[in-house]
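Have a look at target26.txt; it's compact mmCIF, C-alpha atoms and all ligand atoms:
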```
# COMPACT_ATOMS: atom_id res chain seq x y z
CA MET A 20 134.66 7.86 161.00
CA THR A 21 135.53 10.85 158.77
CA PRO A 22 138.10 9.89 156.14
CA THR A 23 141.54 11.53 156.27
CA GLU A 24 141.97 13.86 153.29
CA GLU A 25 145.34 14.25 151.55
CA ASN A 26 146.68 15.68 148.32
CA THR A 27 149.55 14.69 146.08
CA THR A 28 150.49 14.87 142.41
CA ALA A 29 150.20 11.24 141.34
CA VAL A 30 148.63 8.23 143.03
CA VAL A 31 150.11 5.00 141.73
CA VAL A 32 147.84 2.01 142.33
CA GLY A 33 149.85 -1.22 142.47
CA GLY A 34 153.42 -1.73 143.64
CA GLY A 35 154.66 -4.21 141.06
CA VAL A 36 157.36 -3.58 138.46
CA ALA A 37 155.33 -0.92 136.61
CA GLY A 38 154.18 1.01 139.69
CA LEU A 39 157.51 0.89 141.52
CA ALA A 40 159.43 1.99 138.43
CA LEU A 41 157.01 4.87 137.81
CA GLY A 42 157.20 5.94 141.45
CA THR A 43 160.99 5.82 141.36
CA PHE A 44 161.22 7.84 138.14
CA LEU A 45 158.81 10.50 139.48
CA GLN A 46 160.51 10.70 142.84
CA ARG A 47 163.91 11.18 141.19
CA SER A 48 162.40 14.10 139.29
CA GLY A 49 161.03 15.75 142.42
CA ILE A 50 157.37 14.93 141.70
CA ARG A 51 155.22 13.91 144.67
CA CYS A 52 153.55 10.55 144.46
CA VAL A 53 152.02 7.88 146.68
CA ILE A 54 152.15 4.20 145.77
CA LEU A 55 149.26 2.12 147.13
CA GLU A 56 149.85 -1.64 147.19
CA LYS A 57 147.17 -4.12 148.19
CA HIS A 58 149.47 -6.78 149.61
CA SER A 59 152.05 -6.80 152.40
CA ARG A 60 155.70 -6.02 151.72
CA GLN A 61 156.64 -9.59 152.58
CA TYR A 62 154.13 -11.01 150.08
CA VAL A 63 155.17 -8.70 147.25
CA GLU A 64 158.88 -9.28 147.82
CA ASN A 65 158.51 -13.04 147.64
CA ARG A 66 156.02 -13.43 144.80
CA GLN A 67 157.71 -15.56 142.10
CA ARG A 68 156.93 -14.46 138.57
CA ALA A 69 159.25 -13.57 135.68
CA GLY A 70 162.89 -14.48 135.42
CA SER A 71 164.47 -12.34 132.75
CA LEU A 72 164.67 -8.69 131.85
CA ASP A 73 165.56 -7.72 128.32
CA ALA A 74 168.26 -5.29 127.22
CA ARG A 75 165.87 -2.33 126.92
CA GLY A 76 164.71 -2.76 130.51
CA VAL A 77 168.24 -3.10 131.89
CA ARG A 78 169.39 -0.05 129.94
CA MET A 79 166.42 2.04 131.06
CA LEU A 80 167.05 1.41 134.75
CA HIS A 81 170.67 2.46 134.32
CA GLU A 82 169.61 5.60 132.46
CA TRP A 83 167.34 6.64 135.36
CA GLY A 84 170.22 6.16 137.79
CA VAL A 85 168.82 2.99 139.36
CA GLY A 86 171.10 0.40 137.78
CA GLU A 87 171.46 -1.08 141.28
CA ALA A 88 167.90 -2.41 140.84
CA VAL A 89 169.22 -5.11 138.50
CA GLU A 90 171.83 -6.29 140.97
CA GLY A 91 171.37 -9.36 143.11
CA PRO A 92 171.37 -13.13 142.89
CA GLY A 93 170.24 -13.06 139.29
CA HIS A 94 172.49 -13.84 136.40
CA ASP A 95 174.00 -11.59 133.79
CA SER A 96 173.20 -13.15 130.44
CA SER A 97 175.87 -11.22 128.57
CA ASP A 98 178.29 -14.03 127.87
CA GLU A 99 175.82 -16.87 127.65
CA SER A 100 174.52 -18.58 124.59
CA ILE A 101 171.17 -20.27 125.09
CA PRO A 102 170.96 -23.90 124.00
CA LEU A 103 167.86 -25.02 122.13
CA ILE A 104 167.31 -28.77 121.88
CA VAL A 105 165.49 -29.63 118.68
CA ASP A 106 164.21 -33.23 118.66
CA GLY A 107 167.04 -34.18 121.04
CA GLU A 108 169.79 -32.43 119.06
CA GLU A 109 171.46 -29.49 120.82
CA ARG A 110 171.53 -26.30 118.76
CA GLU A 111 172.31 -22.71 119.70
CA TRP A 112 170.43 -19.42 119.37
CA LYS A 113 172.03 -16.71 117.32
CA MET A 114 172.51 -14.11 120.05
CA ASP A 115 172.90 -10.56 118.83
CA TYR A 116 174.40 -7.74 120.84
CA GLU A 117 170.94 -6.55 121.92
CA ASP A 118 169.95 -9.98 123.34
CA ALA A 119 173.23 -10.26 125.18
CA GLU A 120 172.61 -7.06 127.17
CA GLY A 121 169.65 -8.58 129.03
CA ALA A 122 169.79 -10.18 132.48
CA PHE A 123 168.40 -13.30 134.10
CA LEU A 124 166.81 -11.56 137.05
CA PRO A 125 164.09 -13.10 139.20
CA GLN A 126 161.22 -10.61 139.27
CA GLN A 127 161.03 -10.65 143.07
CA ILE A 128 164.66 -9.47 143.21
CA LEU A 129 163.87 -6.53 140.94
CA VAL A 130 160.77 -5.72 143.00
CA ARG A 131 162.72 -6.02 146.27
CA ASN A 132 165.44 -3.70 144.93
CA LEU A 133 162.96 -1.11 143.63
CA ILE A 134 161.13 -1.07 146.98
CA ARG A 135 164.40 -0.64 148.86
CA ILE A 136 165.54 2.22 146.58
CA PHE A 137 162.15 4.00 146.66
CA LEU A 138 161.87 3.85 150.47
CA ARG A 139 165.53 4.67 151.02
CA ASP A 140 165.09 7.83 148.96
CA GLY A 141 162.10 8.92 151.04
CA GLY A 142 159.29 7.52 148.87
CA ASP A 143 155.71 7.12 150.14
CA LEU A 144 154.73 3.47 149.62
CA ARG A 145 151.74 2.15 151.57
CA PHE A 146 151.31 -1.62 151.77
CA GLU A 147 148.06 -3.41 152.57
CA ALA A 148 145.94 -0.61 151.10
CA LYS A 149 142.53 -2.27 150.76
CA ASP A 150 139.26 -1.50 148.97
CA ILE A 151 140.76 1.03 146.59
CA ALA A 152 138.09 3.08 144.80
CA LEU A 153 138.56 5.84 142.24
CA ASP A 154 136.31 8.76 141.44
CA GLY A 155 136.48 11.99 139.50
CA LEU A 156 138.62 10.43 136.76
CA GLY A 157 136.92 12.60 134.15
CA THR A 158 137.69 15.76 136.14
CA GLY A 159 140.95 17.64 136.70
CA HIS A 160 141.20 16.37 140.27
CA PRO A 161 140.55 12.65 140.68
CA ARG A 162 140.37 11.05 144.12
CA VAL A 163 141.58 7.68 145.32
CA ARG A 164 140.06 6.19 148.44
CA TYR A 165 141.51 3.25 150.40
CA ARG A 166 141.30 1.56 153.78
CA ASP A 167 144.39 0.76 155.84
CA THR A 168 144.96 -2.25 158.13
CA ALA A 169 143.60 -0.33 161.12
CA GLY A 170 140.33 0.15 159.22
CA SER A 171 140.80 3.91 158.70
CA THR A 172 139.83 5.40 155.36
CA THR A 173 142.01 7.88 153.49
CA VAL A 174 141.04 9.88 150.41
CA ILE A 175 143.90 11.22 148.30
CA GLY A 176 143.17 13.97 145.82
CA CYS A 177 145.65 14.15 142.95
CA ASP A 178 146.35 15.29 139.39
CA PHE A 179 146.99 11.83 137.92
CA VAL A 180 146.15 8.23 138.76
CA ALA A 181 148.41 5.47 137.46
CA GLY A 182 146.68 2.09 137.10
CA SER A 183 149.56 -0.34 137.59
CA ASP A 184 147.62 -2.97 139.52
CA GLY A 185 148.08 -5.87 137.11
CA HIS A 186 145.59 -7.78 134.98
CA GLN A 187 143.17 -8.48 137.85
CA GLY A 188 143.36 -5.02 139.42
CA VAL A 189 140.61 -2.52 140.11
CA THR A 190 141.71 0.59 138.23
CA ARG A 191 140.68 -0.66 134.78
CA THR A 192 137.26 -1.61 136.13
CA ALA A 193 136.71 2.04 137.18
CA ILE A 194 136.53 2.96 133.48
CA PRO A 195 132.92 3.16 132.24
CA ASP A 196 131.68 0.15 130.28
CA GLY A 197 132.12 0.45 126.54
CA PHE A 198 135.02 2.95 126.69
CA LEU A 199 137.81 0.38 126.32
CA THR A 200 138.22 -2.17 123.56
CA CYS A 201 139.83 -5.46 124.54
CA HIS A 202 141.79 -7.25 121.78
CA THR A 203 142.63 -10.86 122.64
CA HIS A 204 144.42 -13.73 120.95
CA GLU A 205 144.30 -17.23 122.46
CA PHE A 206 147.17 -19.42 121.23
CA GLY A 207 145.20 -22.59 121.96
CA TYR A 208 147.66 -24.23 124.36
CA ALA A 209 148.98 -23.61 127.86
CA TRP A 210 152.20 -23.86 129.84
CA LEU A 211 152.46 -25.92 132.94
CA THR A 212 154.83 -23.72 134.97
CA VAL A 213 156.59 -25.26 137.94
CA MET A 214 158.94 -23.70 140.53
CA THR A 215 161.68 -26.13 141.55
CA GLU A 216 164.59 -26.13 143.97
CA VAL A 217 166.85 -27.38 141.20
CA PRO A 218 169.36 -24.91 139.76
CA ALA A 219 169.33 -24.48 136.00
CA ASP A 220 172.71 -25.13 134.42
CA PRO A 221 173.13 -23.46 131.96
CA PRO A 222 170.74 -20.72 133.15
CA ALA A 223 168.31 -21.22 130.28
CA VAL A 224 167.61 -24.33 128.21
CA MET A 225 164.70 -24.69 125.78
CA ALA A 226 163.47 -27.61 123.73
CA VAL A 227 161.29 -28.08 120.68
CA HIS A 228 159.89 -31.60 120.56
CA SER A 229 156.99 -33.42 118.95
CA ARG A 230 155.47 -33.75 122.46
CA GLY A 231 155.60 -29.96 122.87
CA PHE A 232 157.80 -27.05 123.93
CA ALA A 233 159.81 -27.28 127.17
CA ALA A 234 162.15 -24.97 129.05
CA GLN A 235 164.07 -24.67 132.28
CA ILE A 236 165.10 -21.14 133.27
CA THR A 237 167.13 -20.03 136.27
CA ARG A 238 165.52 -18.26 139.21
CA GLY A 239 168.75 -17.64 141.12
CA PRO A 240 171.50 -19.98 142.31
CA ASN A 241 169.22 -22.59 143.91
CA ALA A 242 166.00 -22.54 141.91
CA SER A 243 164.59 -22.73 138.44
CA ARG A 244 161.25 -22.62 136.71
CA VAL A 245 160.23 -25.45 134.38
CA TYR A 246 157.79 -24.84 131.53
CA LEU A 247 155.97 -27.62 129.65
CA GLN A 248 153.51 -26.95 126.85
CA CYS A 249 150.22 -28.71 127.56
CA PRO A 250 146.55 -28.53 126.53
CA VAL A 251 144.58 -25.64 128.07
CA THR A 252 142.24 -28.22 129.57
CA ASP A 253 145.03 -29.73 131.72
CA THR A 254 145.01 -29.07 135.45
CA VAL A 255 147.90 -29.28 137.93
CA GLU A 256 146.40 -32.56 139.15
CA ASP A 257 147.25 -34.03 135.71
CA TRP A 258 150.92 -33.27 136.45
CA PRO A 259 152.29 -35.16 139.47
CA ASP A 260 155.99 -34.45 140.16
CA GLU A 261 157.14 -37.72 138.58
CA ARG A 262 155.40 -36.84 135.32
CA VAL A 263 156.93 -33.33 135.27
CA TRP A 264 160.50 -34.67 135.51
CA SER A 265 160.04 -37.55 133.10
CA GLU A 266 158.32 -35.33 130.53
CA LEU A 267 161.06 -32.68 130.82
CA GLY A 268 163.68 -35.42 130.33
CA THR A 269 161.86 -36.74 127.26
CA ARG A 270 161.59 -33.31 125.64
CA PHE A 271 165.22 -32.46 126.54
CA GLY A 272 166.35 -35.79 125.04
CA GLU A 273 168.00 -37.08 128.24
CA PRO A 274 167.15 -37.49 131.93
CA VAL A 275 167.34 -34.24 133.95
CA PRO A 276 168.44 -33.60 137.58
CA ARG A 277 165.38 -33.82 139.83
CA GLY A 278 164.54 -32.09 143.10
CA PRO A 279 161.73 -30.66 145.23
CA ILE A 280 158.88 -29.02 143.34
CA GLY A 281 157.02 -25.99 144.73
CA THR A 282 154.09 -24.24 143.11
CA LYS A 283 152.52 -25.49 139.88
CA GLN A 284 150.25 -23.50 137.60
CA VAL A 285 148.63 -24.02 134.20
CA VAL A 286 148.80 -20.74 132.27
CA PRO A 287 146.97 -20.49 128.92
CA LEU A 288 149.12 -18.58 126.44
CA ARG A 289 147.40 -15.44 125.25
CA GLY A 290 147.97 -11.90 124.13
CA VAL A 291 145.65 -9.15 125.42
CA VAL A 292 145.65 -5.42 124.69
CA PHE A 293 143.22 -2.85 126.12
CA SER A 294 142.80 0.30 124.08
CA PRO A 295 143.09 3.20 124.76
CA MET A 296 145.45 3.04 127.76
CA ARG A 297 143.91 6.15 129.27
CA TYR A 298 140.59 7.39 130.56
CA GLY A 299 140.50 11.01 131.72
CA ARG A 300 143.21 11.36 134.38
CA LEU A 301 143.68 7.58 134.74
CA TYR A 302 146.61 6.07 132.83
CA LEU A 303 146.92 2.27 132.57
CA LEU A 304 150.33 0.65 132.49
CA GLY A 305 151.91 -2.79 132.51
CA ASP A 306 149.71 -5.86 132.87
CA ALA A 307 146.71 -3.64 133.69
CA ALA A 308 146.82 -2.58 130.03
CA HIS A 309 148.17 -5.67 128.26
CA LEU A 310 149.37 -9.24 128.59
CA ILE A 311 152.03 -10.63 126.29
CA SER A 312 152.83 -14.27 125.58
CA PRO A 313 155.33 -15.41 128.23
CA MET A 314 157.38 -16.98 125.41
CA SER A 315 158.68 -13.50 124.65
CA ALA A 316 159.69 -12.89 128.31
CA GLU A 317 158.82 -9.22 127.79
CA GLY A 318 156.09 -8.56 130.35
CA MET A 319 158.46 -6.76 132.74
CA SER A 320 160.06 -4.86 129.91
CA LEU A 321 156.68 -3.63 128.60
CA ALA A 322 155.75 -2.58 132.13
CA LEU A 323 158.98 -0.57 132.38
CA HIS A 324 158.40 0.99 128.97
CA ASP A 325 154.96 2.27 130.00
CA ALA A 326 156.31 3.50 133.34
CA GLU A 327 158.99 5.51 131.59
CA LYS A 328 156.59 7.07 129.07
CA LEU A 329 154.11 8.04 131.78
CA ALA A 330 156.86 9.45 133.98
CA GLN A 331 158.16 11.52 131.05
CA GLY A 332 154.64 12.77 130.34
CA ILE A 333 154.02 13.86 133.94
CA ILE A 334 157.49 15.42 134.26
CA HIS A 335 157.02 17.30 130.99
CA GLN A 336 153.69 18.62 132.20
CA PHE A 337 155.24 19.91 135.42
CA GLU A 338 158.54 21.20 134.18
CA LYS A 339 157.40 22.67 130.87
CA ASN A 340 153.67 23.05 131.42
CA ASP A 341 153.30 20.98 128.25
CA GLY A 342 150.73 18.18 128.16
CA ASN A 343 151.66 16.81 124.74
CA LEU A 344 153.49 13.73 126.02
CA LEU A 345 150.58 12.87 128.31
CA GLU A 346 148.15 13.38 125.42
CA SER A 347 150.12 10.96 123.27
CA TYR A 348 150.85 8.49 126.10
CA SER A 349 148.27 5.93 125.01
CA ASP A 350 149.16 6.06 121.31
CA THR A 351 152.90 5.87 122.03
CA CYS A 352 152.53 2.89 124.35
CA LEU A 353 150.06 1.09 122.10
CA THR A 354 152.39 1.43 119.10
CA HIS A 355 155.20 -0.11 121.13
CA THR A 356 152.91 -2.77 122.62
CA TRP A 357 151.69 -3.91 119.19
CA GLU A 358 155.27 -4.09 117.90
CA ARG A 359 156.21 -6.32 120.83
CA GLN A 360 152.99 -8.36 120.48
CA ALA A 361 153.90 -8.98 116.82
CA ALA A 362 157.34 -10.25 117.80
CA ALA A 363 155.87 -12.32 120.63
CA VAL A 364 153.28 -13.97 118.38
CA SER A 365 155.94 -14.85 115.83
CA MET A 366 158.27 -16.30 118.50
CA THR A 367 155.45 -18.20 120.23
CA ASP A 368 154.18 -19.70 116.96
CA THR A 369 157.68 -20.66 115.88
CA MET A 370 158.61 -22.39 119.14
CA HIS A 371 155.33 -24.26 119.51
CA ASP A 372 154.20 -25.02 115.96
CA SER A 373 157.62 -26.47 115.13
CA GLY A 374 157.16 -29.11 117.84
CA ASP A 375 153.76 -30.65 118.47
CA ALA A 376 151.83 -30.60 115.16
CA THR A 377 148.53 -31.66 116.72
CA TYR A 378 147.56 -28.03 117.39
CA ARG A 379 148.03 -26.42 113.95
CA GLY A 380 149.01 -29.25 111.62
CA GLU A 381 151.96 -30.32 109.50
CA PHE A 382 151.88 -27.30 107.15
CA PHE A 383 152.47 -24.84 110.01
CA LYS A 384 155.03 -27.19 111.53
CA GLN A 385 157.16 -26.95 108.40
CA VAL A 386 156.67 -23.15 108.24
CA ALA A 387 157.72 -22.91 111.89
CA ARG A 388 160.74 -25.16 111.30
CA ALA A 389 161.90 -22.84 108.51
CA ASN A 390 161.50 -19.82 110.80
CA LEU A 391 163.26 -21.65 113.62
CA GLU A 392 166.28 -22.45 111.45
CA ASN A 393 166.73 -18.69 110.84
CA LEU A 394 166.99 -18.10 114.58
CA LEU A 395 169.68 -20.71 115.15
CA ARG A 396 173.36 -20.94 114.44
CA PRO A 397 174.06 -23.17 111.45
CA ARG A 398 174.77 -26.82 112.26
CA VAL A 399 178.49 -27.53 112.61
CA PRO A 400 179.29 -30.12 109.92
CA LYS A 401 180.41 -33.46 111.40
CA ASN A 402 183.83 -34.70 110.25
C1 LIG B 501 154.63 -17.50 135.47
C2 LIG B 501 155.02 -16.20 134.84
C3 LIG B 501 156.26 -16.08 134.22
C4 LIG B 501 156.62 -14.86 133.61
N1 LIG B 501 157.86 -14.76 133.02
C5 LIG B 501 158.27 -13.56 132.54
C6 LIG B 501 159.64 -13.34 132.08
O1 LIG B 501 160.49 -14.23 132.10
N2 LIG B 501 159.99 -12.09 131.66
C7 LIG B 501 159.10 -11.05 131.68
O2 LIG B 501 159.48 -9.94 131.31
N3 LIG B 501 157.82 -11.22 132.10
C8 LIG B 501 157.38 -12.42 132.54
N4 LIG B 501 156.11 -12.56 133.06
C9 LIG B 501 155.21 -11.41 133.04
C10 LIG B 501 155.52 -10.43 134.17
O3 LIG B 501 155.54 -11.11 135.41
C11 LIG B 501 154.45 -9.33 134.19
O4 LIG B 501 154.27 -8.84 132.88
C12 LIG B 501 154.84 -8.18 135.13
O5 LIG B 501 154.72 -8.62 136.46
C13 LIG B 501 153.94 -6.97 134.92
O6 LIG B 501 154.21 -6.02 135.92
P1 LIG B 501 153.05 -5.08 136.47
O7 LIG B 501 153.71 -4.21 137.48
O8 LIG B 501 152.31 -4.49 135.36
O9 LIG B 501 152.00 -6.07 137.18
P2 LIG B 501 152.18 -6.94 138.49
O10 LIG B 501 153.56 -7.46 138.62
O11 LIG B 501 151.05 -7.91 138.47
O12 LIG B 501 151.98 -5.91 139.68
C14 LIG B 501 150.70 -5.41 140.02
C15 LIG B 501 150.72 -5.01 141.48
O13 LIG B 501 149.46 -4.44 141.82
C16 LIG B 501 149.00 -5.00 143.04
N5 LIG B 501 147.55 -4.95 143.04
C17 LIG B 501 146.67 -5.77 142.44
N6 LIG B 501 145.40 -5.39 142.68
C18 LIG B 501 145.50 -4.29 143.47
C19 LIG B 501 144.53 -3.45 144.07
N7 LIG B 501 143.22 -3.67 143.93
N8 LIG B 501 144.97 -2.41 144.82
C20 LIG B 501 146.31 -2.17 144.98
N9 LIG B 501 147.26 -2.95 144.45
C21 LIG B 501 146.85 -3.99 143.70
C22 LIG B 501 149.56 -6.41 143.04
O14 LIG B 501 149.64 -6.95 144.35
C23 LIG B 501 150.94 -6.20 142.41
O15 LIG B 501 151.91 -5.89 143.36
C24 LIG B 501 155.72 -13.77 133.64
C25 LIG B 501 154.48 -13.89 134.28
C26 LIG B 501 154.13 -15.10 134.88
C27 LIG B 501 152.77 -15.21 135.58
```
I need this file expressed as structure tokens, please.
Ligand SMILES: Cc1cc2nc3c(=O)[nH]c(=O)nc-3n(C[C@H](O)[C@H](O)[C@H](O)COP(=O)(O)OP(=O)(O)OC[C@H]3O[C@@H](n4cnc5c(N)ncnc54)[C@H](O)[C@@H]3O)c2cc1C
Amino acid sequence: MTPTEENTTAVVVGGGVAGLALGTFLQRSGIRCVILEKHSRQYVENRQRAGSLDARGVRMLHEWGVGEAVEGPGHDSSDESIPLIVDGEEREWKMDYEDAEGAFLPQQILVRNLIRIFLRDGGDLRFEAKDIALDGLGTGHPRVRYRDTAGSTTVIGCDFVAGSDGHQGVTRTAIPDGFLTCHTHEFGYAWLTVMTEVPADPPAVMAVHSRGFAAQITRGPNASRVYLQCPVTDTVEDWPDERVWSELGTRFGEPVPRGPIGTKQVVPLRGVVFSPMRYGRLYLLGDAAHLISPMSAEGMSLALHDAEKLAQGIIHQFEKNDGNLLESYSDTCLTHTWERQAAAVSMTDTMHDSGDATYRGEFFKQVARANLENLLRPRVPKN
């Protein structure tokens, strides 16, 4: 069958946080775009991932007129202080104004809201777009081919392709071998992450303990995600439900409310950056370009940052016929990414090295303890 041929300005591959934000920003600026998403709407809207969006991300969505995207059964973190339990003793983070502007917002709520806004405003978002293939990236008119659920093939010619299809996507693999450099740091430990039907109260609690880092973070009124530091060699079979709850209680210093457990995953902590974030007319954004330690809870925020910079570049090109912002897109985003990676490495080292010394030894434990103390409110003297 002959493929259907179409044309647009930007094809956005991947309808996650990065792709949906980019599509929304472009659409609001009158620039034509098509978002192609591999999965069904139902799947994407229910995929559990991140749980908090930092102040920059919240502010950005308001600035683009889509503040409603951060509304829903999340939790405003503005008047919360986050407890940190150090060896069983409850301490408190020093929250500055910037931290307090963030929101506890389950990622699927943000995604659901962005989809609703994009479609409501007439956006072109195609779910279940399979077998995406890119060509002509080195030319002025790249083409994106995909197959729909009926088996028909469509080829969309465009000016720009946005690769926002996550770490395992296909857009990055369309870049010729040897063009990208991949910088990786393995922290040497993993998180067991567990979705539970137990609410988190308060919405975020973290613990530093000689058995390892632990946390319980809200995912809405009736759910939370539990994180337990573990060796990278652990599997979910090593963590039956009973062990999850008893280990969380040990690291929190007291028994915790228990409840049904859903998905479990062992996620090695790592930082990854691909450089440059551009090849010809293909621009990488979000997890397709970098992964950041989940300790920093900044993956969504980095994705939004890239989406904004790319949107500004494309808008500038169209409105002012000026390609400078697009030319500097990769450098601008990489500078920001490395700044956030630096902060994430420091936070990850501090929170993990100050607990279980078996990974990096007693020297780094004491260094991490000193760093940790600077992040906490001073102890209240006991009378
Ligand atoms: C367990 C966990 C907890 C996390 N916690 C936090 C947190 O608290 N705060 C935070 O900020 N970040 C957190 N993160 C990171 C955050 O989830 C990611 O950084 C964020 O999802 C990146 O958004 P993205 O749009 O770049 O990629 P994704 O969200 O992965 O979206 C990519 C999209 O592309 C689609 N896709 C993939 N392949 C194709 C293809 N071939 N064709 C078309 N579409 C395709 C996918 O279906 C998906 O919809 C966490 C991640 C995990 C796994």
Taking only C-alpha atoms and all ligand atoms into account, produce a table as a Markdown table in which each residue of chain A with an atom at most 7 Å from an atom of ligand LIG 501 (chain B) appears once, together with its shortest atom pair and the distance in Å to one decimal, ordered by chain and rising number.
```
| residue | atom | partner | partner_atom | distance |
| --- | --- | --- | --- | --- |
| A:Val32 | CA | B:LIG501 | C20 | 5.2 |
| A:Gly33 | CA | B:LIG501 | O13 | 3.3 |
| A:Gly34 | CA | B:LIG501 | O15 | 4.4 |
| A:Gly35 | CA | B:LIG501 | O12 | 3.5 |
| A:Val36 | CA | B:LIG501 | O7 | 3.8 |
| A:Ala37 | CA | B:LIG501 | O7 | 3.8 |
| A:Gly38 | CA | B:LIG501 | O7 | 5.7 |
| A:Leu55 | CA | B:LIG501 | C20 | 5.6 |
| A:Glu56 | CA | B:LIG501 | N9 | 4.0 |
| A:Lys57 | CA | B:LIG501 | C20 | 3.9 |
| A:His58 | CA | B:LIG501 | O14 | 5.3 |
| A:Val63 | CA | B:LIG501 | O15 | 5.8 |
| A:Arg68 | CA | B:LIG501 | C2 | 4.5 |
| A:Ala69 | CA | B:LIG501 | N1 | 3.2 |
| A:Gly70 | CA | B:LIG501 | O1 | 4.1 |
| A:Ser71 | CA | B:LIG501 | O1 | 4.5 |
| A:Leu72 | CA | B:LIG501 | O2 | 5.4 |
| A:Gln126 | CA | B:LIG501 | O3 | 6.9 |
| A:Ala148 | CA | B:LIG501 | C20 | 6.3 |
| A:Lys149 | CA | B:LIG501 | N8 | 6.4 |
| A:Asp150 | CA | B:LIG501 | N7 | 6.8 |
| A:Ile151 | CA | B:LIG501 | N8 | 5.7 |
| A:Ser183 | CA | B:LIG501 | O8 | 5.5 |
| A:Asp184 | CA | B:LIG501 | O13 | 3.3 |
| A:Gly185 | CA | B:LIG501 | O11 | 3.9 |
| A:His186 | CA | B:LIG501 | O11 | 6.5 |
| A:Gln187 | CA | B:LIG501 | N6 | 6.2 |
| A:Gly188 | CA | B:LIG501 | N6 | 3.9 |
| A:Val189 | CA | B:LIG501 | N7 | 4.8 |
| A:Thr212 | CA | B:LIG501 | C1 | 6.2 |
| A:Leu304 | CA | B:LIG501 | O8 | 6.2 |
| A:Gly305 | CA | B:LIG501 | O8 | 3.3 |
| A:Asp306 | CA | B:LIG501 | O8 | 3.9 |
| A:Ala307 | CA | B:LIG501 | O8 | 5.9 |
| A:Leu310 | CA | B:LIG501 | O4 | 6.5 |
| A:Pro313 | CA | B:LIG501 | N1 | 5.5 |
| A:Ala316 | CA | B:LIG501 | N2 | 3.5 |
| A:Glu317 | CA | B:LIG501 | O2 | 3.7 |
| A:Gly318 | CA | B:LIG501 | O4 | 3.1 |
| A:Met319 | CA | B:LIG501 | O2 | 3.6 |
| A:Ser320 | CA | B:LIG501 | O2 | 5.3 |
| A:Ala322 | CA | B:LIG501 | O8 | 5.1 |
```
Response to the item:
note - CA of Gly374 in chain A and CA of Glu120 in chain A are separated by 28.5 Å
Range 245-259 of chain A surroundings by all atoms listed in the file, 8 Å radius, close-in-sequence under 6 positions cut, as an mmCIF file with C-alpha atoms, in the coordinates of the input:
```
data_model
loop_
_atom_site.group_PDB
_atom_site.id
_atom_site.type_symbol
_atom_site.label_atom_id
_atom_site.label_comp_id
_atom_site.auth_asym_id
_atom_site.auth_seq_id
_atom_site.Cartn_x
_atom_site.Cartn_y
_atom_site.Cartn_z
ATOM 1 C CA GLY A 207 145.200 -22.590 121.960
ATOM 2 C CA TYR A 208 147.660 -24.230 124.360
ATOM 3 C CA ALA A 209 148.980 -23.610 127.860
ATOM 4 C CA TRP A 210 152.200 -23.860 129.840
ATOM 5 C CA LEU A 211 152.460 -25.920 132.940
ATOM 6 C CA THR A 212 154.830 -23.720 134.970
ATOM 7 C CA VAL A 213 156.590 -25.260 137.940
ATOM 8 C CA MET A 214 158.940 -23.700 140.530
ATOM 9 C CA THR A 215 161.680 -26.130 141.550
ATOM 10 C CA GLY A 231 155.600 -29.960 122.870
ATOM 11 C CA PHE A 232 157.800 -27.050 123.930
ATOM 12 C CA ALA A 233 159.810 -27.280 127.170
ATOM 13 C CA ALA A 234 162.150 -24.970 129.050
ATOM 14 C CA GLN A 235 164.070 -24.670 132.280
ATOM 15 C CA ILE A 236 165.100 -21.140 133.270
ATOM 16 C CA LEU A 267 161.060 -32.680 130.820
ATOM 17 C CA LYS A 283 152.520 -25.490 139.880
ATOM 18 C CA GLN A 284 150.250 -23.500 137.600
ATOM 19 C CA VAL A 285 148.630 -24.020 134.200
ATOM 20 C CA VAL A 286 148.800 -20.740 132.270
ATOM 21 C CA PRO A 287 146.970 -20.490 128.920
#
```
Which residues of range 269-303 of chain A have any atom within 8 Å of an atom in range 194-201 of chain A when counting only C-alpha atoms, and what is the closest pair of atoms for each, with the distance in Å to one decimal? Order the rows by chain and rising number and write it as a Markdown table.
```
| residue | atom | partner | partner_atom | distance |
| --- | --- | --- | --- | --- |
| A:Val291 | CA | A:Cys201 | CA | 6.9 |
| A:Val292 | CA | A:Cys201 | CA | 5.8 |
| A:Phe293 | CA | A:Cys201 | CA | 4.6 |
| A:Ser294 | CA | A:Thr200 | CA | 5.2 |
| A:Pro295 | CA | A:Leu199 | CA | 6.2 |
| A:Tyr298 | CA | A:Ile194 | CA | 6.7 |
```
Just the selected residues (C-alpha atoms), exported as a CSV table (one decimal), in the frame of the given file, please.
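Resulting contents of selection_35.csv:
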```
chain,number,residue,atom,x,y,z
A,291,VAL,CA,145.6,-9.2,125.4
A,292,VAL,CA,145.6,-5.4,124.7
A,293,PHE,CA,143.2,-2.8,126.1
A,294,SER,CA,142.8,0.3,124.1
A,295,PRO,CA,143.1,3.2,124.8
A,298,TYR,CA,140.6,7.4,130.6
```
Discussion item. For Gln331 in chain A, find every residue with an atom within 10 Å (counting only C-alpha atoms), except residues of its own chain fewer than 6 positions away, and show them as number ranges by chain.
Written reply: A: 41, 44-45, 48, 325, 337, 344-345, 348
Worksheet item: Asn241 in chain A: which residues within 10 Å, counting only C-alpha atoms, same-chain residues fewer than 3 positions away excluded, as a VMD selection string?
Response: chain A and resid 92 215 to 219 237 to 238
Worksheet item: How many Å lie between CA of Leu301 in chain A and CA of Asn26 in chain A, rounded to one decimal?
Response: 16.1 Å
Item to complete: Calculate how many Å separate CA of Asp341 in chain A from CA of Ile50 in chain A, rounding to one decimal.
Response: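 Interatomic distance, CA of Asp341 in chain A to CA of Ile50 in chain A: 15.3 Å.
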